[in-house]
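Notes follow once the structure below has been shown.
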Amino acid sequence: MEPHGEEFAVGCILSIKTTLEEEFQAQVIAFDRPSNLLILQEGVKSGPVSKRNIRLLKANYVKEFNFLGRGEDPLDPDKCFLDLNTLQAREDSAIRQAEAEADRIGVGVTAEGQNIFDALSKTLPVCWDKTTIVVMNEVRLSPPYLPESVTGGTPPANERVRKVLELERKRLQARNAGE
């Protein structure tokens, strides 16, 4: 649909039907004519707090629309609310997750070493100490990551790591043979 004039003016509340037959009501936050992109705000009331969904929609996906009226300025900074505590908590959680994922990637290790680490991590607590895999905070597995490379820890812990390592190496070899 080609917009004309002020049909998609900021603040307008529209009832929209898309080419995919989806129907919804939203307020126009912005319309970028060069990209034909419509930025819409759908209000969701949940108790005393109102939440809003922002939707980006190419105007050519609008099959039809009806003007329902003009709302308050959606870009008025005095009426915008951001829960900074929630945003900070989400950021902190994302940073912790990214750091944990980065700690799981070995630096200067072979692809086989990383695959063994990943496989061991599914059943045992593991971490890297340079190129050595540390299992259960006591057992150390050094390159070339063979059962004979297991050191440290108690004999039962060593035996458990060796068993898991043997099984994982067989599984990895079978997977590589199948590729």
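Starting from 1 in every chain, residues are counted up; chains themselves are A, B, ... following the order of the structure tokens, and ligands are numbered from 1 as listed.
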
- Task: Apply DSSP to the structure's backbone, then extract all residues of region 10-103 of chain A labelled strand (DSSP E) and return them as a ChimeraX atom specification.
- Result: /A:12-18,23-32,37-46,49-58,62-70

At most 12 Å is the cut-off: for each residue in region 44-112 of chain A with any atom that close to an atom of region 122-133 of chain A, write down the nearest atom pair and the distance in Å rounded to one decimal, counting only C-alpha atoms, chain first then increasing number, as a Markdown table.
```
| residue | atom | partner | partner_atom | distance |
| --- | --- | --- | --- | --- |
| A:Ala100 | CA | A:Cys127 | CA | 10.1 |
| A:Glu101 | CA | A:Cys127 | CA | 11.0 |
| A:Ala102 | CA | A:Trp128 | CA | 10.7 |
| A:Asp103 | CA | A:Trp128 | CA | 7.3 |
| A:Arg104 | CA | A:Cys127 | CA | 6.7 |
| A:Ile105 | CA | A:Trp128 | CA | 8.0 |
| A:Gly106 | CA | A:Trp128 | CA | 6.4 |
| A:Val107 | CA | A:Lys130 | CA | 6.8 |
| A:Gly108 | CA | A:Thr131 | CA | 6.6 |
| A:Val109 | CA | A:Thr131 | CA | 5.8 |
| A:Thr110 | CA | A:Thr131 | CA | 9.0 |
| A:Ala111 | CA | A:Thr131 | CA | 11.7 |
| A:Glu112 | CA | A:Thr131 | CA | 11.9 |
```

- Task: Fewer than 6 positions away in the same chain doesn't count, so skip those; otherwise give me all residues within 12 Å of region 160-176 of chain A, counting only C-alpha atoms, as number ranges by chain.
- Result: A: 111-126, 133-141, 144-154

Based on the selection just made, write N, CA, C and O atoms of those residues as a compact mmCIF listing (two decimals), in the first residue's frame.
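Final output, saved to part.txt:
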```txt
# COMPACT_ATOMS: atom_id res chain seq x y z
N ALA A 111 40.88 -28.46 17.79
CA ALA A 111 39.44 -28.68 17.65
C ALA A 111 39.03 -29.94 18.41
O ALA A 111 37.98 -29.97 19.05
N GLU A 112 39.89 -30.95 18.37
CA GLU A 112 39.61 -32.19 19.10
C GLU A 112 39.55 -31.91 20.61
O GLU A 112 38.66 -32.40 21.31
N GLY A 113 40.49 -31.11 21.12
CA GLY A 113 40.48 -30.75 22.54
C GLY A 113 39.21 -30.03 22.93
O GLY A 113 38.62 -30.31 23.98
N GLN A 114 38.76 -29.10 22.08
CA GLN A 114 37.51 -28.37 22.36
C GLN A 114 36.32 -29.32 22.31
O GLN A 114 35.42 -29.24 23.15
N ASN A 115 36.31 -30.24 21.35
CA ASN A 115 35.21 -31.21 21.26
C ASN A 115 35.17 -32.10 22.50
O ASN A 115 34.09 -32.40 23.02
N ILE A 116 36.33 -32.52 22.98
CA ILE A 116 36.38 -33.35 24.19
C ILE A 116 35.89 -32.54 25.40
O ILE A 116 35.12 -33.04 26.21
N PHE A 117 36.32 -31.30 25.50
CA PHE A 117 35.86 -30.43 26.59
C PHE A 117 34.34 -30.31 26.55
O PHE A 117 33.66 -30.48 27.57
N ASP A 118 33.79 -30.02 25.36
CA ASP A 118 32.34 -29.86 25.22
C ASP A 118 31.61 -31.15 25.60
O ASP A 118 30.58 -31.10 26.27
N ALA A 119 32.16 -32.29 25.17
CA ALA A 119 31.53 -33.57 25.49
C ALA A 119 31.59 -33.85 26.99
O ALA A 119 30.59 -34.27 27.59
N LEU A 120 32.75 -33.63 27.62
CA LEU A 120 32.88 -33.85 29.06
C LEU A 120 31.96 -32.91 29.86
O LEU A 120 31.42 -33.30 30.90
N SER A 121 31.80 -31.70 29.36
CA SER A 121 31.00 -30.71 30.10
C SER A 121 29.52 -31.09 30.18
O SER A 121 28.79 -30.56 31.00
N LYS A 122 29.09 -32.02 29.33
CA LYS A 122 27.69 -32.46 29.37
C LYS A 122 27.41 -33.33 30.59
O LYS A 122 26.28 -33.41 31.04
N THR A 123 28.46 -34.01 31.11
CA THR A 123 28.25 -34.92 32.23
C THR A 123 29.04 -34.58 33.48
O THR A 123 28.72 -35.08 34.56
N LEU A 124 30.08 -33.75 33.33
CA LEU A 124 30.94 -33.43 34.47
C LEU A 124 31.23 -31.93 34.50
O LEU A 124 31.29 -31.29 33.45
N PRO A 125 31.48 -31.37 35.70
CA PRO A 125 31.87 -29.96 35.77
C PRO A 125 33.32 -29.81 35.28
O PRO A 125 34.22 -30.47 35.78
N VAL A 126 33.52 -28.96 34.28
CA VAL A 126 34.86 -28.77 33.70
C VAL A 126 35.16 -27.29 33.52
O VAL A 126 34.25 -26.47 33.45
N ILE A 133 42.34 -29.40 30.57
CA ILE A 133 40.95 -29.47 31.02
C ILE A 133 40.96 -29.90 32.48
O ILE A 133 41.56 -30.92 32.83
N VAL A 134 40.33 -29.11 33.34
CA VAL A 134 40.22 -29.43 34.76
C VAL A 134 38.81 -29.95 35.01
O VAL A 134 37.82 -29.26 34.75
N VAL A 135 38.74 -31.19 35.50
CA VAL A 135 37.45 -31.85 35.72
C VAL A 135 37.20 -31.97 37.21
O VAL A 135 38.08 -32.40 37.96
N MET A 136 36.02 -31.59 37.64
CA MET A 136 35.61 -31.68 39.05
C MET A 136 36.59 -30.95 39.97
O MET A 136 36.81 -31.37 41.10
N ASN A 137 37.22 -29.92 39.50
CA ASN A 137 38.16 -29.10 40.26
C ASN A 137 39.36 -29.86 40.80
O ASN A 137 40.06 -29.37 41.69
N GLU A 138 39.61 -31.08 40.31
CA GLU A 138 40.75 -31.83 40.85
C GLU A 138 41.49 -32.65 39.80
O GLU A 138 42.69 -32.78 39.86
N VAL A 139 40.78 -33.20 38.87
CA VAL A 139 41.39 -34.06 37.86
C VAL A 139 41.81 -33.21 36.67
O VAL A 139 41.04 -32.36 36.21
N ARG A 140 43.03 -33.43 36.18
CA ARG A 140 43.55 -32.64 35.07
C ARG A 140 43.74 -33.54 33.85
O ARG A 140 44.25 -34.64 33.96
N LEU A 141 43.32 -33.03 32.70
CA LEU A 141 43.45 -33.75 31.44
C LEU A 141 44.23 -32.87 30.48
O LEU A 141 43.75 -31.84 30.03
N PRO A 144 47.60 -34.74 24.75
CA PRO A 144 46.64 -34.87 23.65
C PRO A 144 45.27 -35.39 24.06
O PRO A 144 44.54 -35.94 23.23
N TYR A 145 44.90 -35.23 25.31
CA TYR A 145 43.56 -35.57 25.81
C TYR A 145 43.22 -37.05 25.65
O TYR A 145 42.15 -37.42 25.20
N LEU A 146 44.17 -37.90 26.03
CA LEU A 146 43.98 -39.35 26.01
C LEU A 146 43.77 -39.83 27.44
O LEU A 146 44.12 -39.13 28.40
N PRO A 147 43.22 -41.04 27.63
CA PRO A 147 43.02 -41.55 29.00
C PRO A 147 44.31 -41.57 29.81
O PRO A 147 44.28 -41.35 31.02
N GLU A 148 45.46 -41.78 29.14
CA GLU A 148 46.75 -41.78 29.86
C GLU A 148 47.15 -40.37 30.33
O GLU A 148 48.04 -40.22 31.15
N SER A 149 46.48 -39.34 29.79
CA SER A 149 46.81 -37.95 30.13
C SER A 149 46.11 -37.47 31.39
O SER A 149 46.27 -36.33 31.80
N VAL A 150 45.31 -38.34 32.01
CA VAL A 150 44.55 -37.97 33.21
C VAL A 150 45.48 -38.02 34.42
O VAL A 150 46.13 -39.04 34.68
N THR A 151 45.55 -36.90 35.18
CA THR A 151 46.39 -36.84 36.38
C THR A 151 45.65 -36.12 37.50
O THR A 151 44.65 -35.44 37.25
N GLY A 152 46.20 -36.24 38.71
CA GLY A 152 45.63 -35.53 39.86
C GLY A 152 44.35 -36.17 40.33
O GLY A 152 43.83 -37.11 39.72
N GLY A 153 43.83 -35.69 41.42
CA GLY A 153 42.57 -36.19 41.94
C GLY A 153 42.70 -37.54 42.61
O GLY A 153 43.76 -38.15 42.64
N THR A 154 41.59 -38.01 43.12
CA THR A 154 41.56 -39.32 43.79
C THR A 154 41.47 -40.42 42.74
O THR A 154 40.98 -40.18 41.62
```

Using DSSP on the backbone coordinates, identify the residues of region 14-165 of chain A assigned to alpha helix (DSSP H); present them as a PDB file with N, CA and C atoms, in the first residue's frame.
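Result file is result-v9.pdb:
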```
ATOM      1  N   LEU A  84      14.800   1.080  34.697  1.00  0.00           N
ATOM      2  CA  LEU A  84      16.253   0.974  34.644  1.00  0.00           C
ATOM      3  C   LEU A  84      16.787  -0.213  35.439  1.00  0.00           C
ATOM      4  N   ASN A  85      16.130  -0.562  36.538  1.00  0.00           N
ATOM      5  CA  ASN A  85      16.579  -1.705  37.335  1.00  0.00           C
ATOM      6  C   ASN A  85      16.441  -3.003  36.543  1.00  0.00           C
ATOM      7  N   THR A  86      15.321  -3.159  35.841  1.00  0.00           N
ATOM      8  CA  THR A  86      15.119  -4.354  35.024  1.00  0.00           C
ATOM      9  C   THR A  86      16.120  -4.393  33.885  1.00  0.00           C
ATOM     10  N   LEU A  87      16.330  -3.245  33.239  1.00  0.00           N
ATOM     11  CA  LEU A  87      17.305  -3.191  32.145  1.00  0.00           C
ATOM     12  C   LEU A  87      18.707  -3.525  32.647  1.00  0.00           C
ATOM     13  N   GLN A  88      19.081  -3.012  33.810  1.00  0.00           N
ATOM     14  CA  GLN A  88      20.403  -3.283  34.384  1.00  0.00           C
ATOM     15  C   GLN A  88      20.543  -4.766  34.713  1.00  0.00           C
ATOM     16  N   ALA A  89      19.488  -5.348  35.262  1.00  0.00           N
ATOM     17  CA  ALA A  89      19.525  -6.779  35.608  1.00  0.00           C
ATOM     18  C   ALA A  89      19.664  -7.628  34.345  1.00  0.00           C
ATOM     19  N   ARG A  90      18.959  -7.257  33.272  1.00  0.00           N
ATOM     20  CA  ARG A  90      19.072  -7.992  32.007  1.00  0.00           C
ATOM     21  C   ARG A  90      20.474  -7.868  31.428  1.00  0.00           C
ATOM     22  N   GLU A  91      21.046  -6.667  31.514  1.00  0.00           N
ATOM     23  CA  GLU A  91      22.408  -6.467  31.015  1.00  0.00           C
ATOM     24  C   GLU A  91      23.401  -7.300  31.820  1.00  0.00           C
ATOM     25  N   ASP A  92      23.284  -7.262  33.147  1.00  0.00           N
ATOM     26  CA  ASP A  92      24.184  -8.036  34.008  1.00  0.00           C
ATOM     27  C   ASP A  92      24.082  -9.532  33.705  1.00  0.00           C
ATOM     28  N   SER A  93      22.864 -10.011  33.534  1.00  0.00           N
ATOM     29  CA  SER A  93      22.652 -11.425  33.220  1.00  0.00           C
ATOM     30  C   SER A  93      23.280 -11.778  31.875  1.00  0.00           C
ATOM     31  N   ALA A  94      23.112 -10.929  30.878  1.00  0.00           N
ATOM     32  CA  ALA A  94      23.689 -11.181  29.551  1.00  0.00           C
ATOM     33  C   ALA A  94      25.213 -11.173  29.613  1.00  0.00           C
ATOM     34  N   ILE A  95      25.785 -10.281  30.401  1.00  0.00           N
ATOM     35  CA  ILE A  95      27.251 -10.220  30.539  1.00  0.00           C
ATOM     36  C   ILE A  95      27.763 -11.482  31.226  1.00  0.00           C
ATOM     37  N   ARG A  96      27.093 -11.903  32.309  1.00  0.00           N
ATOM     38  CA  ARG A  96      27.497 -13.131  33.005  1.00  0.00           C
ATOM     39  C   ARG A  96      27.410 -14.335  32.069  1.00  0.00           C
ATOM     40  N   GLN A  97      26.345 -14.411  31.295  1.00  0.00           N
ATOM     41  CA  GLN A  97      26.181 -15.532  30.362  1.00  0.00           C
ATOM     42  C   GLN A  97      27.271 -15.504  29.295  1.00  0.00           C
ATOM     43  N   ALA A  98      27.578 -14.327  28.757  1.00  0.00           N
ATOM     44  CA  ALA A  98      28.626 -14.208  27.729  1.00  0.00           C
ATOM     45  C   ALA A  98      29.987 -14.584  28.303  1.00  0.00           C
ATOM     46  N   GLU A  99      30.259 -14.164  29.543  1.00  0.00           N
ATOM     47  CA  GLU A  99      31.535 -14.517  30.182  1.00  0.00           C
ATOM     48  C   GLU A  99      31.627 -16.018  30.413  1.00  0.00           C
ATOM     49  N   ALA A 100      30.513 -16.636  30.849  1.00  0.00           N
ATOM     50  CA  ALA A 100      30.508 -18.086  31.076  1.00  0.00           C
ATOM     51  C   ALA A 100      30.729 -18.829  29.761  1.00  0.00           C
ATOM     52  N   GLU A 101      30.101 -18.362  28.700  1.00  0.00           N
ATOM     53  CA  GLU A 101      30.290 -18.997  27.396  1.00  0.00           C
ATOM     54  C   GLU A 101      31.723 -18.814  26.903  1.00  0.00           C
ATOM     55  N   ALA A 102      32.309 -17.641  27.149  1.00  0.00           N
ATOM     56  CA  ALA A 102      33.688 -17.390  26.724  1.00  0.00           C
ATOM     57  C   ALA A 102      34.662 -18.271  27.512  1.00  0.00           C
ATOM     58  N   ASP A 103      34.370 -18.506  28.784  1.00  0.00           N
ATOM     59  CA  ASP A 103      35.232 -19.367  29.601  1.00  0.00           C
ATOM     60  C   ASP A 103      35.225 -20.810  29.124  1.00  0.00           C
ATOM     61  N   ALA A 111      40.877 -28.456  17.788  1.00  0.00           N
ATOM     62  CA  ALA A 111      39.437 -28.679  17.650  1.00  0.00           C
ATOM     63  C   ALA A 111      39.029 -29.937  18.415  1.00  0.00           C
ATOM     64  N   GLU A 112      39.890 -30.954  18.374  1.00  0.00           N
ATOM     65  CA  GLU A 112      39.608 -32.185  19.101  1.00  0.00           C
ATOM     66  C   GLU A 112      39.551 -31.907  20.610  1.00  0.00           C
ATOM     67  N   GLY A 113      40.488 -31.110  21.123  1.00  0.00           N
ATOM     68  CA  GLY A 113      40.482 -30.746  22.537  1.00  0.00           C
ATOM     69  C   GLY A 113      39.210 -30.029  22.927  1.00  0.00           C
ATOM     70  N   GLN A 114      38.756 -29.102  22.076  1.00  0.00           N
ATOM     71  CA  GLN A 114      37.511 -28.375  22.356  1.00  0.00           C
ATOM     72  C   GLN A 114      36.319 -29.317  22.314  1.00  0.00           C
ATOM     73  N   ASN A 115      36.311 -30.238  21.349  1.00  0.00           N
ATOM     74  CA  ASN A 115      35.214 -31.210  21.262  1.00  0.00           C
ATOM     75  C   ASN A 115      35.168 -32.098  22.498  1.00  0.00           C
ATOM     76  N   ILE A 116      36.326 -32.521  22.984  1.00  0.00           N
ATOM     77  CA  ILE A 116      36.381 -33.347  24.192  1.00  0.00           C
ATOM     78  C   ILE A 116      35.894 -32.543  25.396  1.00  0.00           C
ATOM     79  N   PHE A 117      36.324 -31.298  25.501  1.00  0.00           N
ATOM     80  CA  PHE A 117      35.858 -30.427  26.588  1.00  0.00           C
ATOM     81  C   PHE A 117      34.336 -30.312  26.551  1.00  0.00           C
ATOM     82  N   ASP A 118      33.793 -30.018  25.356  1.00  0.00           N
ATOM     83  CA  ASP A 118      32.342 -29.863  25.215  1.00  0.00           C
ATOM     84  C   ASP A 118      31.610 -31.146  25.600  1.00  0.00           C
ATOM     85  N   ALA A 119      32.165 -32.294  25.172  1.00  0.00           N
ATOM     86  CA  ALA A 119      31.534 -33.571  25.493  1.00  0.00           C
ATOM     87  C   ALA A 119      31.591 -33.849  26.990  1.00  0.00           C
ATOM     88  N   LEU A 120      32.747 -33.631  27.620  1.00  0.00           N
ATOM     89  CA  LEU A 120      32.878 -33.846  29.061  1.00  0.00           C
ATOM     90  C   LEU A 120      31.959 -32.914  29.860  1.00  0.00           C
ATOM     91  N   SER A 121      31.795 -31.696  29.360  1.00  0.00           N
ATOM     92  CA  SER A 121      30.998 -30.709  30.098  1.00  0.00           C
ATOM     93  C   SER A 121      29.522 -31.094  30.176  1.00  0.00           C
ATOM     94  N   PRO A 155      41.914 -41.627  43.073  1.00  0.00           N
ATOM     95  CA  PRO A 155      41.820 -42.732  42.106  1.00  0.00           C
ATOM     96  C   PRO A 155      40.400 -42.954  41.560  1.00  0.00           C
ATOM     97  N   PRO A 156      39.350 -42.909  42.410  1.00  0.00           N
ATOM     98  CA  PRO A 156      37.999 -43.089  41.858  1.00  0.00           C
ATOM     99  C   PRO A 156      37.619 -41.962  40.880  1.00  0.00           C
ATOM    100  N   ALA A 157      38.019 -40.737  41.196  1.00  0.00           N
ATOM    101  CA  ALA A 157      37.715 -39.610  40.306  1.00  0.00           C
ATOM    102  C   ALA A 157      38.456 -39.765  38.982  1.00  0.00           C
ATOM    103  N   ASN A 158      39.738 -40.158  39.059  1.00  0.00           N
ATOM    104  CA  ASN A 158      40.524 -40.387  37.837  1.00  0.00           C
ATOM    105  C   ASN A 158      39.872 -41.457  36.969  1.00  0.00           C
ATOM    106  N   GLU A 159      39.449 -42.541  37.624  1.00  0.00           N
ATOM    107  CA  GLU A 159      38.845 -43.650  36.883  1.00  0.00           C
ATOM    108  C   GLU A 159      37.545 -43.203  36.207  1.00  0.00           C
ATOM    109  N   ARG A 160      36.762 -42.423  36.923  1.00  0.00           N
ATOM    110  CA  ARG A 160      35.505 -41.930  36.347  1.00  0.00           C
ATOM    111  C   ARG A 160      35.787 -41.058  35.132  1.00  0.00           C
ATOM    112  N   VAL A 161      36.752 -40.142  35.238  1.00  0.00           N
ATOM    113  CA  VAL A 161      37.100 -39.258  34.123  1.00  0.00           C
ATOM    114  C   VAL A 161      37.620 -40.082  32.942  1.00  0.00           C
ATOM    115  N   ARG A 162      38.458 -41.072  33.224  1.00  0.00           N
ATOM    116  CA  ARG A 162      38.980 -41.930  32.141  1.00  0.00           C
ATOM    117  C   ARG A 162      37.846 -42.641  31.409  1.00  0.00           C
ATOM    118  N   LYS A 163      36.887 -43.167  32.177  1.00  0.00           N
ATOM    119  CA  LYS A 163      35.760 -43.889  31.581  1.00  0.00           C
ATOM    120  C   LYS A 163      34.934 -42.964  30.692  1.00  0.00           C
ATOM    121  N   VAL A 164      34.586 -41.809  31.236  1.00  0.00           N
ATOM    122  CA  VAL A 164      33.798 -40.852  30.461  1.00  0.00           C
ATOM    123  C   VAL A 164      34.578 -40.406  29.234  1.00  0.00           C
ATOM    124  N   LEU A 165      35.870 -40.167  29.404  1.00  0.00           N
ATOM    125  CA  LEU A 165      36.717 -39.742  28.292  1.00  0.00           C
ATOM    126  C   LEU A 165      36.757 -40.810  27.193  1.00  0.00           C
TER     127      LEU A 165
END
```

- Atomic distance CA of Leu14 (chain A) - CA of Leu40 (chain A), expressed in Å with one decimal: 9.4 Å

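For the residues A:Phe31, A:Lys17, A:Gln25, A:Asp83, ranking by smallest atom-to-atom distance to Tyr61 (chain A) using only C-alpha atoms places A:Lys17 first.
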
- For CA of Val10 (chain A) and CA of Asp73 (chain A), quote the distance in Å rounded to one decimal.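 It comes out at 7.5 Å.
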
- Close residues, Leu38 (chain A) itself excluded, 7 Å, only C-alpha atoms, min 3 positions apart in chain, as a list of chain:residue names: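 Listed by chain and then number, they are A:Ala30, A:Phe31, A:Asp32, A:Leu56, A:Leu57, A:Lys58, A:Ala59.
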